[in-house]
$ cat query-v2.txt   # compact mmCIF, all heavy atoms
# COMPACT_ATOMS: atom_id res chain seq x y z
N MET I 128 55.62 10.80 11.49
CA MET I 128 54.38 10.25 11.99
C MET I 128 53.32 10.44 10.91
O MET I 128 53.05 11.55 10.49
CB MET I 128 53.99 10.95 13.29
CG MET I 128 52.78 10.34 13.94
SD MET I 128 52.47 10.95 15.59
CE MET I 128 53.73 10.14 16.49
N GLY I 129 52.73 9.39 10.47
CA GLY I 129 51.75 9.46 9.40
C GLY I 129 50.33 9.28 9.91
O GLY I 129 50.04 9.33 11.10
N PHE I 130 49.44 9.02 8.96
CA PHE I 130 48.04 8.85 9.31
C PHE I 130 47.78 7.52 10.01
O PHE I 130 46.78 7.35 10.68
CB PHE I 130 47.16 8.96 8.07
CG PHE I 130 47.04 10.35 7.56
CD1 PHE I 130 47.59 10.71 6.35
CD2 PHE I 130 46.39 11.32 8.31
CE1 PHE I 130 47.50 12.00 5.88
CE2 PHE I 130 46.29 12.61 7.86
CZ PHE I 130 46.84 12.96 6.64
N ASN I 131 48.66 6.56 9.86
CA ASN I 131 48.50 5.26 10.49
C ASN I 131 49.26 5.18 11.81
O ASN I 131 49.84 4.16 12.15
CB ASN I 131 48.98 4.14 9.56
CG ASN I 131 48.07 3.99 8.37
OD1 ASN I 131 46.87 4.22 8.49
ND2 ASN I 131 48.64 3.62 7.24
N ALA I 132 49.26 6.24 12.57
CA ALA I 132 50.01 6.28 13.82
C ALA I 132 49.33 5.51 14.94
O ALA I 132 49.94 5.27 15.96
CB ALA I 132 50.24 7.73 14.25
N GLY I 133 48.07 5.15 14.77
CA GLY I 133 47.41 4.29 15.73
C GLY I 133 46.86 5.01 16.95
O GLY I 133 46.44 6.17 16.89
N VAL I 134 46.89 4.29 18.05
CA VAL I 134 46.27 4.76 19.28
C VAL I 134 46.95 6.02 19.80
O VAL I 134 46.27 6.94 20.28
CB VAL I 134 46.33 3.65 20.36
CG1 VAL I 134 45.82 4.15 21.69
CG2 VAL I 134 45.52 2.44 19.91
N ASN I 135 48.26 6.11 19.69
CA ASN I 135 48.97 7.28 20.21
C ASN I 135 48.50 8.56 19.53
O ASN I 135 48.33 9.59 20.18
CB ASN I 135 50.47 7.12 20.04
CG ASN I 135 51.06 6.14 21.02
OD1 ASN I 135 50.43 5.81 22.02
ND2 ASN I 135 52.24 5.67 20.74
N MET I 136 48.28 8.50 18.24
CA MET I 136 47.81 9.68 17.52
C MET I 136 46.38 10.02 17.95
O MET I 136 46.03 11.19 18.08
CB MET I 136 47.89 9.45 16.01
CG MET I 136 47.55 10.68 15.23
SD MET I 136 48.71 12.00 15.59
CE MET I 136 48.85 12.75 14.03
N GLY I 137 45.56 9.01 18.17
CA GLY I 137 44.19 9.24 18.63
C GLY I 137 44.15 9.90 19.99
O GLY I 137 43.34 10.79 20.24
N ILE I 138 45.03 9.45 20.88
CA ILE I 138 45.11 10.07 22.21
C ILE I 138 45.52 11.53 22.08
O ILE I 138 44.94 12.40 22.71
CB ILE I 138 46.11 9.30 23.10
CG1 ILE I 138 45.55 7.92 23.46
CG2 ILE I 138 46.43 10.08 24.36
CD1 ILE I 138 46.55 7.03 24.14
N TRP I 139 46.52 11.78 21.24
CA TRP I 139 47.01 13.15 21.07
C TRP I 139 45.91 14.05 20.53
O TRP I 139 45.70 15.15 21.03
CB TRP I 139 48.22 13.15 20.13
CG TRP I 139 48.80 14.50 19.92
CD1 TRP I 139 49.62 15.18 20.78
CD2 TRP I 139 48.60 15.34 18.79
NE1 TRP I 139 49.95 16.39 20.24
CE2 TRP I 139 49.33 16.52 19.02
CE3 TRP I 139 47.90 15.21 17.61
CZ2 TRP I 139 49.37 17.56 18.11
CZ3 TRP I 139 47.93 16.25 16.70
CH2 TRP I 139 48.66 17.42 16.97
N VAL I 140 45.20 13.59 19.52
CA VAL I 140 44.14 14.40 18.91
C VAL I 140 43.03 14.67 19.92
O VAL I 140 42.55 15.79 20.06
CB VAL I 140 43.58 13.71 17.65
CG1 VAL I 140 42.30 14.37 17.18
CG2 VAL I 140 44.62 13.73 16.54
N ALA I 141 42.61 13.64 20.67
CA ALA I 141 41.51 13.80 21.62
C ALA I 141 41.86 14.77 22.74
O ALA I 141 41.08 15.69 23.06
CB ALA I 141 41.12 12.44 22.19
N VAL I 142 43.02 14.61 23.34
CA VAL I 142 43.39 15.46 24.47
C VAL I 142 43.66 16.89 24.01
O VAL I 142 43.24 17.85 24.66
CB VAL I 142 44.60 14.86 25.23
CG1 VAL I 142 45.06 15.78 26.34
CG2 VAL I 142 44.24 13.50 25.80
N CYS I 143 44.33 17.04 22.87
CA CYS I 143 44.61 18.39 22.37
C CYS I 143 43.34 19.08 21.88
O CYS I 143 43.20 20.30 22.01
CB CYS I 143 45.66 18.34 21.29
SG CYS I 143 47.30 17.98 21.94
N ALA I 144 42.39 18.32 21.35
CA ALA I 144 41.11 18.91 20.95
C ALA I 144 40.34 19.40 22.17
O ALA I 144 39.73 20.49 22.15
CB ALA I 144 40.27 17.90 20.17
N LEU I 145 40.40 18.64 23.24
CA LEU I 145 39.77 19.09 24.49
C LEU I 145 40.45 20.35 25.00
O LEU I 145 39.78 21.29 25.45
CB LEU I 145 39.84 17.97 25.53
CG LEU I 145 39.18 18.25 26.87
CD1 LEU I 145 37.69 18.53 26.69
CD2 LEU I 145 39.38 17.08 27.81
N GLY I 146 41.77 20.39 24.92
CA GLY I 146 42.50 21.60 25.32
C GLY I 146 42.14 22.80 24.47
O GLY I 146 42.02 23.92 24.97
N THR I 147 41.92 22.59 23.18
CA THR I 147 41.52 23.67 22.29
C THR I 147 40.14 24.20 22.67
O THR I 147 39.91 25.42 22.69
CB THR I 147 41.52 23.20 20.82
OG1 THR I 147 42.84 22.76 20.50
CG2 THR I 147 41.11 24.30 19.88
N ALA I 148 39.23 23.29 22.99
CA ALA I 148 37.88 23.70 23.40
C ALA I 148 37.93 24.50 24.70
O ALA I 148 37.23 25.52 24.85
CB ALA I 148 36.99 22.48 23.55
N VAL I 149 38.74 24.06 25.63
CA VAL I 149 38.88 24.79 26.90
C VAL I 149 39.50 26.16 26.65
O VAL I 149 39.09 27.16 27.25
CB VAL I 149 39.72 23.97 27.91
CG1 VAL I 149 40.07 24.79 29.14
CG2 VAL I 149 38.97 22.72 28.32
N GLY I 150 40.47 26.23 25.76
CA GLY I 150 41.09 27.51 25.42
C GLY I 150 40.10 28.48 24.78
O GLY I 150 40.11 29.68 25.08
N ALA I 151 39.24 27.96 23.91
CA ALA I 151 38.21 28.81 23.30
C ALA I 151 37.23 29.31 24.35
O ALA I 151 36.82 30.48 24.32
CB ALA I 151 37.49 28.04 22.21
N ALA I 152 36.86 28.45 25.27
CA ALA I 152 35.96 28.87 26.36
C ALA I 152 36.64 29.92 27.24
O ALA I 152 35.99 30.87 27.69
CB ALA I 152 35.54 27.66 27.19
N ALA I 153 37.93 29.76 27.47
CA ALA I 153 38.67 30.73 28.27
C ALA I 153 38.71 32.09 27.57
O ALA I 153 38.60 33.13 28.22
CB ALA I 153 40.08 30.22 28.55
N ALA I 154 38.86 32.08 26.26
CA ALA I 154 38.86 33.34 25.52
C ALA I 154 37.50 34.02 25.62
O ALA I 154 37.43 35.25 25.79
CB ALA I 154 39.22 33.08 24.05
N ALA I 155 36.44 33.23 25.56
CA ALA I 155 35.10 33.80 25.71
C ALA I 155 34.91 34.39 27.11
O ALA I 155 34.31 35.46 27.27
CB ALA I 155 34.05 32.74 25.43
N LEU I 156 35.42 33.70 28.10
CA LEU I 156 35.34 34.21 29.47
C LEU I 156 36.12 35.52 29.62
O LEU I 156 35.68 36.44 30.30
CB LEU I 156 35.87 33.18 30.47
CG LEU I 156 34.96 31.99 30.75
CD1 LEU I 156 35.72 30.93 31.53
CD2 LEU I 156 33.73 32.42 31.52
N ALA I 157 37.29 35.58 28.98
CA ALA I 157 38.10 36.79 29.06
C ALA I 157 37.39 37.98 28.43
O ALA I 157 37.45 39.10 28.96
CB ALA I 157 39.45 36.56 28.39
N MET I 158 36.69 37.75 27.33
CA MET I 158 35.98 38.84 26.67
C MET I 158 34.80 39.33 27.52
O MET I 158 34.39 40.48 27.39
CB MET I 158 35.48 38.39 25.30
CG MET I 158 36.61 38.28 24.29
SD MET I 158 36.04 38.03 22.61
CE MET I 158 35.49 36.36 22.67
N ARG I 159 34.30 38.47 28.37
CA ARG I 159 33.18 38.85 29.25
C ARG I 159 33.66 39.43 30.58
O ARG I 159 32.85 39.74 31.44
CB ARG I 159 32.28 37.66 29.50
CG ARG I 159 31.57 37.20 28.26
CD ARG I 159 30.67 36.07 28.54
NE ARG I 159 30.03 35.64 27.31
CZ ARG I 159 29.23 34.62 27.22
NH1 ARG I 159 28.98 33.88 28.29
NH2 ARG I 159 28.69 34.29 26.07
N GLY I 160 34.97 39.53 30.76
CA GLY I 160 35.51 40.14 31.97
C GLY I 160 35.78 39.16 33.10
O GLY I 160 36.12 39.57 34.20
N ARG I 161 35.62 37.89 32.85
CA ARG I 161 35.89 36.87 33.88
C ARG I 161 37.35 36.44 33.78
O ARG I 161 37.67 35.32 33.40
CB ARG I 161 34.97 35.67 33.69
CG ARG I 161 33.52 35.99 33.69
CD ARG I 161 33.06 36.30 35.06
NE ARG I 161 31.60 36.47 35.11
CZ ARG I 161 30.97 36.85 36.16
NH1 ARG I 161 31.64 37.12 37.26
NH2 ARG I 161 29.68 36.99 36.14
N THR I 162 38.24 37.35 34.15
CA THR I 162 39.67 37.11 33.89
C THR I 162 40.26 36.00 34.75
O THR I 162 41.14 35.28 34.30
CB THR I 162 40.47 38.40 34.07
OG1 THR I 162 40.21 38.93 35.35
CG2 THR I 162 40.08 39.41 33.00
N ARG I 163 39.80 35.86 35.97
CA ARG I 163 40.35 34.78 36.82
C ARG I 163 40.01 33.42 36.25
O ARG I 163 40.86 32.53 36.18
CB ARG I 163 39.82 34.90 38.24
CG ARG I 163 40.40 36.07 38.99
CD ARG I 163 39.90 36.12 40.41
NE ARG I 163 40.37 37.34 41.05
CZ ARG I 163 39.92 37.77 42.20
NH1 ARG I 163 38.97 37.10 42.84
NH2 ARG I 163 40.39 38.88 42.72
N TRP I 164 38.75 33.24 35.84
CA TRP I 164 38.35 31.98 35.22
C TRP I 164 39.05 31.79 33.89
O TRP I 164 39.39 30.66 33.51
CB TRP I 164 36.84 31.92 35.05
CG TRP I 164 36.12 31.65 36.33
CD1 TRP I 164 35.42 32.55 37.08
CD2 TRP I 164 36.06 30.41 37.04
NE1 TRP I 164 34.91 31.94 38.19
CE2 TRP I 164 35.29 30.63 38.19
CE3 TRP I 164 36.57 29.14 36.79
CZ2 TRP I 164 35.04 29.60 39.11
CZ3 TRP I 164 36.32 28.14 37.71
CH2 TRP I 164 35.56 28.37 38.85
N ALA I 165 39.27 32.87 33.16
CA ALA I 165 39.94 32.78 31.87
C ALA I 165 41.39 32.32 32.04
O ALA I 165 41.86 31.45 31.29
CB ALA I 165 39.90 34.12 31.15
N VAL I 166 42.09 32.86 33.01
CA VAL I 166 43.47 32.44 33.26
C VAL I 166 43.51 30.97 33.66
O VAL I 166 44.36 30.20 33.20
CB VAL I 166 44.13 33.33 34.34
CG1 VAL I 166 45.45 32.75 34.79
CG2 VAL I 166 44.33 34.73 33.80
N ALA I 167 42.58 30.56 34.51
CA ALA I 167 42.51 29.14 34.90
C ALA I 167 42.23 28.27 33.68
O ALA I 167 42.83 27.20 33.53
CB ALA I 167 41.43 28.94 35.96
N GLY I 168 41.36 28.73 32.80
CA GLY I 168 41.06 27.98 31.58
C GLY I 168 42.26 27.88 30.66
O GLY I 168 42.52 26.82 30.08
N PHE I 169 43.00 28.98 30.50
CA PHE I 169 44.19 28.95 29.65
C PHE I 169 45.26 28.02 30.24
O PHE I 169 45.93 27.31 29.51
CB PHE I 169 44.76 30.35 29.46
CG PHE I 169 43.98 31.19 28.49
CD1 PHE I 169 43.56 32.45 28.84
CD2 PHE I 169 43.66 30.71 27.24
CE1 PHE I 169 42.83 33.23 27.96
CE2 PHE I 169 42.94 31.48 26.33
CZ PHE I 169 42.53 32.75 26.70
N MET I 170 45.40 28.02 31.56
CA MET I 170 46.37 27.13 32.18
C MET I 170 45.95 25.67 32.00
O MET I 170 46.79 24.81 31.74
CB MET I 170 46.54 27.47 33.66
CG MET I 170 47.23 28.81 33.85
SD MET I 170 47.72 29.33 35.50
CE MET I 170 46.67 28.53 36.61
N LEU I 171 44.65 25.40 32.11
CA LEU I 171 44.16 24.04 31.88
C LEU I 171 44.35 23.63 30.42
O LEU I 171 44.75 22.49 30.14
CB LEU I 171 42.69 23.94 32.28
CG LEU I 171 42.03 22.58 32.08
CD1 LEU I 171 42.74 21.50 32.89
CD2 LEU I 171 40.57 22.66 32.46
N ALA I 172 44.10 24.54 29.50
CA ALA I 172 44.29 24.25 28.07
C ALA I 172 45.75 23.92 27.78
O ALA I 172 46.06 22.97 27.05
CB ALA I 172 43.82 25.42 27.23
N PHE I 173 46.67 24.70 28.34
CA PHE I 173 48.09 24.43 28.15
C PHE I 173 48.46 23.07 28.74
O PHE I 173 49.21 22.30 28.13
CB PHE I 173 48.93 25.53 28.80
CG PHE I 173 50.40 25.27 28.75
CD1 PHE I 173 51.11 25.48 27.58
CD2 PHE I 173 51.08 24.79 29.86
CE1 PHE I 173 52.48 25.22 27.52
CE2 PHE I 173 52.43 24.53 29.80
CZ PHE I 173 53.14 24.74 28.63
N THR I 174 47.95 22.77 29.93
CA THR I 174 48.23 21.50 30.58
C THR I 174 47.71 20.33 29.75
O THR I 174 48.38 19.31 29.61
CB THR I 174 47.62 21.47 31.99
OG1 THR I 174 48.13 22.58 32.74
CG2 THR I 174 47.93 20.18 32.72
N LEU I 175 46.51 20.48 29.19
CA LEU I 175 45.96 19.42 28.35
C LEU I 175 46.79 19.23 27.08
O LEU I 175 47.01 18.09 26.65
CB LEU I 175 44.50 19.72 28.00
CG LEU I 175 43.50 19.51 29.13
CD1 LEU I 175 42.15 20.08 28.73
CD2 LEU I 175 43.39 18.04 29.47
N GLY I 176 47.23 20.31 26.49
CA GLY I 176 48.07 20.20 25.30
C GLY I 176 49.38 19.48 25.59
O GLY I 176 49.83 18.62 24.83
N THR I 177 49.98 19.81 26.71
CA THR I 177 51.23 19.16 27.10
C THR I 177 50.98 17.70 27.47
O THR I 177 51.76 16.82 27.11
CB THR I 177 51.86 19.91 28.29
OG1 THR I 177 52.06 21.27 27.91
CG2 THR I 177 53.18 19.29 28.68
N ALA I 178 49.86 17.44 28.16
CA ALA I 178 49.52 16.06 28.52
C ALA I 178 49.29 15.21 27.27
O ALA I 178 49.68 14.04 27.24
CB ALA I 178 48.28 16.04 29.41
N GLY I 179 48.68 15.80 26.25
CA GLY I 179 48.50 15.07 25.00
C GLY I 179 49.82 14.66 24.39
O GLY I 179 49.97 13.54 23.89
N ASP I 180 50.79 15.56 24.42
CA ASP I 180 52.12 15.24 23.89
C ASP I 180 52.80 14.15 24.72
O ASP I 180 53.42 13.25 24.19
CB ASP I 180 53.00 16.48 23.84
CG ASP I 180 52.60 17.43 22.74
OD1 ASP I 180 51.88 16.99 21.81
OD2 ASP I 180 53.00 18.60 22.81
N ILE I 181 52.65 14.24 26.04
CA ILE I 181 53.30 13.26 26.92
C ILE I 181 52.65 11.89 26.75
O ILE I 181 53.34 10.88 26.62
CB ILE I 181 53.24 13.73 28.38
CG1 ILE I 181 54.14 14.95 28.57
CG2 ILE I 181 53.64 12.60 29.33
CD1 ILE I 181 53.97 15.62 29.91
N LEU I 182 51.32 11.84 26.75
CA LEU I 182 50.61 10.56 26.66
C LEU I 182 50.83 9.86 25.32
O LEU I 182 50.86 8.64 25.25
CB LEU I 182 49.12 10.76 26.88
CG LEU I 182 48.70 11.14 28.30
CD1 LEU I 182 47.22 11.47 28.35
CD2 LEU I 182 49.03 10.01 29.26
N SER I 183 51.00 10.64 24.27
CA SER I 183 51.18 10.02 22.95
C SER I 183 52.64 9.70 22.65
O SER I 183 52.93 9.05 21.66
CB SER I 183 50.64 10.95 21.86
OG SER I 183 51.44 12.10 21.76
N GLY I 184 53.54 10.16 23.49
CA GLY I 184 54.95 9.90 23.26
C GLY I 184 55.60 10.83 22.27
O GLY I 184 56.70 10.58 21.81
N ARG I 185 54.93 11.92 21.92
CA ARG I 185 55.47 12.84 20.91
C ARG I 185 56.65 13.65 21.45
O ARG I 185 57.45 14.11 20.68
CB ARG I 185 54.39 13.79 20.41
CG ARG I 185 53.33 13.09 19.58
CD ARG I 185 52.20 14.01 19.23
NE ARG I 185 52.61 15.18 18.49
CZ ARG I 185 52.65 15.27 17.16
NH1 ARG I 185 52.28 14.24 16.43
NH2 ARG I 185 53.02 16.38 16.58
N LEU I 186 56.78 13.81 22.75
CA LEU I 186 57.89 14.57 23.30
C LEU I 186 59.20 13.80 23.24
O LEU I 186 60.27 14.39 23.25
CB LEU I 186 57.61 14.97 24.75
CG LEU I 186 56.55 16.05 24.95
CD1 LEU I 186 56.40 16.36 26.43
CD2 LEU I 186 56.90 17.32 24.20
N SER I 187 59.11 12.48 23.15
CA SER I 187 60.34 11.69 23.13
C SER I 187 60.95 11.60 21.74
O SER I 187 62.06 11.12 21.58
CB SER I 187 60.05 10.27 23.65
OG SER I 187 59.12 9.64 22.79
N GLN I 188 60.24 12.07 20.71
CA GLN I 188 60.76 12.02 19.36
C GLN I 188 61.61 13.25 19.07
O GLN I 188 61.31 14.33 19.54
CB GLN I 188 59.62 11.95 18.34
CG GLN I 188 58.80 10.69 18.50
CD GLN I 188 57.61 10.69 17.56
OE1 GLN I 188 57.39 11.65 16.85
NE2 GLN I 188 56.88 9.62 17.58
N THR I 189 62.64 13.08 18.32
CA THR I 189 63.50 14.20 17.97
C THR I 189 63.39 14.49 16.49
O THR I 189 63.09 13.63 15.69
CB THR I 189 64.98 13.89 18.32
OG1 THR I 189 65.37 12.72 17.61
CG2 THR I 189 65.16 13.70 19.80
N GLY I 190 63.67 15.74 16.16
CA GLY I 190 63.77 16.13 14.78
C GLY I 190 62.52 16.49 14.15
O GLY I 190 62.26 16.71 13.09
$ encode --input "query-v2.txt" --output "structure tokens"
Amino acid sequence: MGFNAGVNMGIWVAVCALGTAVGAAAAALAMRGRTRWAVAGFMLAFTLGTAGDILSGRLSQTG
């Protein structure tokens, strides 16, 4: 997959970037002692990362 991957790559970058932002916010919550919200944030970040792979079709590629 190169730089000219098109819309699928854009979807992957956007959704995974959102997941990264949520994960960073969850880490900040964890440091402040809000562990329940932090766990929910980490689960949402993981779900967004996986959704990015599914929506872009990256999970169907092998190798």
$ atom_distance --input "query-v2.txt" --atom1 "atom C of Ala167 of chain I" --atom2 "atom CG of Asn135 of chain I"
27.0 Å
$ select_by_dssp --input "query-v2.txt" --residues "chain I" --states "helix (DSSP H, G or I)" --output "MDAnalysis selection string"
chainID I and resid 134:158 162:183 185:187
$ atom_distance --input "query-v2.txt" --atom1 "atom CA of Gly168 of chain I" --atom2 "atom O of Ala153 of chain I"
6.6 Å
$ residues_around --input "query-v2.txt" --residues "segment 144-151 of chain I" --least-positions-apart "2" --cutoff "6 Å" --atoms "only C-alpha atoms" --output "PyMOL selection string"
chain I and resi 140-142+153-154+169+172+175-176
$ write_last_selection --input "query-v2.txt" --atoms "all heavy atoms" --output "compact mmCIF listing (two decimals), in the coordinates of the input"
# COMPACT_ATOMS: atom_id res chain seq x y z
N VAL I 140 45.20 13.59 19.52
CA VAL I 140 44.14 14.40 18.91
C VAL I 140 43.03 14.67 19.92
O VAL I 140 42.55 15.79 20.06
CB VAL I 140 43.58 13.71 17.65
CG1 VAL I 140 42.30 14.37 17.18
CG2 VAL I 140 44.62 13.73 16.54
N ALA I 141 42.61 13.64 20.67
CA ALA I 141 41.51 13.80 21.62
C ALA I 141 41.86 14.77 22.74
O ALA I 141 41.08 15.69 23.06
CB ALA I 141 41.12 12.44 22.19
N VAL I 142 43.02 14.61 23.34
CA VAL I 142 43.39 15.46 24.47
C VAL I 142 43.66 16.89 24.01
O VAL I 142 43.24 17.85 24.66
CB VAL I 142 44.60 14.86 25.23
CG1 VAL I 142 45.06 15.78 26.34
CG2 VAL I 142 44.24 13.50 25.80
N ALA I 153 37.93 29.76 27.47
CA ALA I 153 38.67 30.73 28.27
C ALA I 153 38.71 32.09 27.57
O ALA I 153 38.60 33.13 28.22
CB ALA I 153 40.08 30.22 28.55
N ALA I 154 38.86 32.08 26.26
CA ALA I 154 38.86 33.34 25.52
C ALA I 154 37.50 34.02 25.62
O ALA I 154 37.43 35.25 25.79
CB ALA I 154 39.22 33.08 24.05
N PHE I 169 43.00 28.98 30.50
CA PHE I 169 44.19 28.95 29.65
C PHE I 169 45.26 28.02 30.24
O PHE I 169 45.93 27.31 29.51
CB PHE I 169 44.76 30.35 29.46
CG PHE I 169 43.98 31.19 28.49
CD1 PHE I 169 43.56 32.45 28.84
CD2 PHE I 169 43.66 30.71 27.24
CE1 PHE I 169 42.83 33.23 27.96
CE2 PHE I 169 42.94 31.48 26.33
CZ PHE I 169 42.53 32.75 26.70
N ALA I 172 44.10 24.54 29.50
CA ALA I 172 44.29 24.25 28.07
C ALA I 172 45.75 23.92 27.78
O ALA I 172 46.06 22.97 27.05
CB ALA I 172 43.82 25.42 27.23
N LEU I 175 46.51 20.48 29.19
CA LEU I 175 45.96 19.42 28.35
C LEU I 175 46.79 19.23 27.08
O LEU I 175 47.01 18.09 26.65
CB LEU I 175 44.50 19.72 28.00
CG LEU I 175 43.50 19.51 29.13
CD1 LEU I 175 42.15 20.08 28.73
CD2 LEU I 175 43.39 18.04 29.47
N GLY I 176 47.23 20.31 26.49
CA GLY I 176 48.07 20.20 25.30
C GLY I 176 49.38 19.48 25.59
O GLY I 176 49.83 18.62 24.83
$ atom_distance --input "query-v2.txt" --atom1 "atom C of Ala165 of chain I" --atom2 "atom O of Ala152 of chain I"
7.1 Å
$ closest_residue --input "query-v2.txt" --among "I:Leu171, I:Val166, I:Met158, I:Ile181" --to "Trp139 of chain I" --atoms "only C-alpha atoms"
I:Ile181
$ residues_near_point --input "query-v2.txt" --point "(49.4, 15.9, 22.5)" --cutoff "3.5 Å" --atoms "all heavy atoms" --output "ChimeraX atom specification"
/I:139,143,179-180
$ decode --input "query-v2.txt" --residues "segment 164-184 of chain I" --atoms "N, CA and C atoms" --output "tab-separated table (two decimals), in the first residue's frame"
chain	number	residue	atom	x	y	z
I	164	TRP	N	-13.38	6.04	33.56
I	164	TRP	CA	-13.43	6.77	32.30
I	164	TRP	C	-12.23	6.43	31.43
I	165	ALA	N	-11.09	6.21	32.05
I	165	ALA	CA	-9.88	5.87	31.29
I	165	ALA	C	-10.04	4.51	30.61
I	166	VAL	N	-10.57	3.53	31.30
I	166	VAL	CA	-10.79	2.21	30.71
I	166	VAL	C	-11.78	2.32	29.55
I	167	ALA	N	-12.84	3.09	29.74
I	167	ALA	CA	-13.81	3.28	28.66
I	167	ALA	C	-13.14	3.96	27.47
I	168	GLY	N	-12.28	4.93	27.74
I	168	GLY	CA	-11.56	5.61	26.66
I	168	GLY	C	-10.62	4.68	25.92
I	169	PHE	N	-9.90	3.83	26.65
I	169	PHE	CA	-8.99	2.88	26.01
I	169	PHE	C	-9.77	1.87	25.17
I	170	MET	N	-10.92	1.44	25.66
I	170	MET	CA	-11.74	0.50	24.88
I	170	MET	C	-12.26	1.18	23.61
I	171	LEU	N	-12.66	2.44	23.72
I	171	LEU	CA	-13.12	3.18	22.55
I	171	LEU	C	-11.97	3.39	21.56
I	172	ALA	N	-10.78	3.70	22.06
I	172	ALA	CA	-9.62	3.88	21.19
I	172	ALA	C	-9.29	2.59	20.44
I	173	PHE	N	-9.34	1.47	21.13
I	173	PHE	CA	-9.09	0.18	20.48
I	173	PHE	C	-10.15	-0.10	19.42
I	174	THR	N	-11.41	0.18	19.75
I	174	THR	CA	-12.51	-0.04	18.81
I	174	THR	C	-12.35	0.83	17.57
I	175	LEU	N	-11.94	2.09	17.76
I	175	LEU	CA	-11.73	2.97	16.62
I	175	LEU	C	-10.57	2.49	15.75
I	176	GLY	N	-9.51	2.03	16.37
I	176	GLY	CA	-8.39	1.51	15.60
I	176	GLY	C	-8.78	0.29	14.77
I	177	THR	N	-9.55	-0.59	15.36
I	177	THR	CA	-10.01	-1.77	14.64
I	177	THR	C	-11.01	-1.38	13.55
I	178	ALA	N	-11.89	-0.42	13.86
I	178	ALA	CA	-12.86	0.03	12.86
I	178	ALA	C	-12.14	0.67	11.67
I	179	GLY	N	-11.06	1.39	11.93
I	179	GLY	CA	-10.29	1.97	10.83
I	179	GLY	C	-9.74	0.90	9.91
I	180	ASP	N	-9.25	-0.18	10.49
I	180	ASP	CA	-8.74	-1.29	9.68
I	180	ASP	C	-9.86	-1.96	8.89
I	181	ILE	N	-11.01	-2.13	9.52
I	181	ILE	CA	-12.13	-2.79	8.85
I	181	ILE	C	-12.66	-1.91	7.72
I	182	LEU	N	-12.87	-0.63	7.99
I	182	LEU	CA	-13.44	0.27	6.99
I	182	LEU	C	-12.52	0.47	5.79
I	183	SER	N	-11.22	0.43	6.02
I	183	SER	CA	-10.30	0.65	4.91
I	183	SER	C	-9.97	-0.64	4.15
I	184	GLY	N	-10.38	-1.77	4.68
I	184	GLY	CA	-10.11	-3.03	4.02
I	184	GLY	C	-8.73	-3.58	4.30
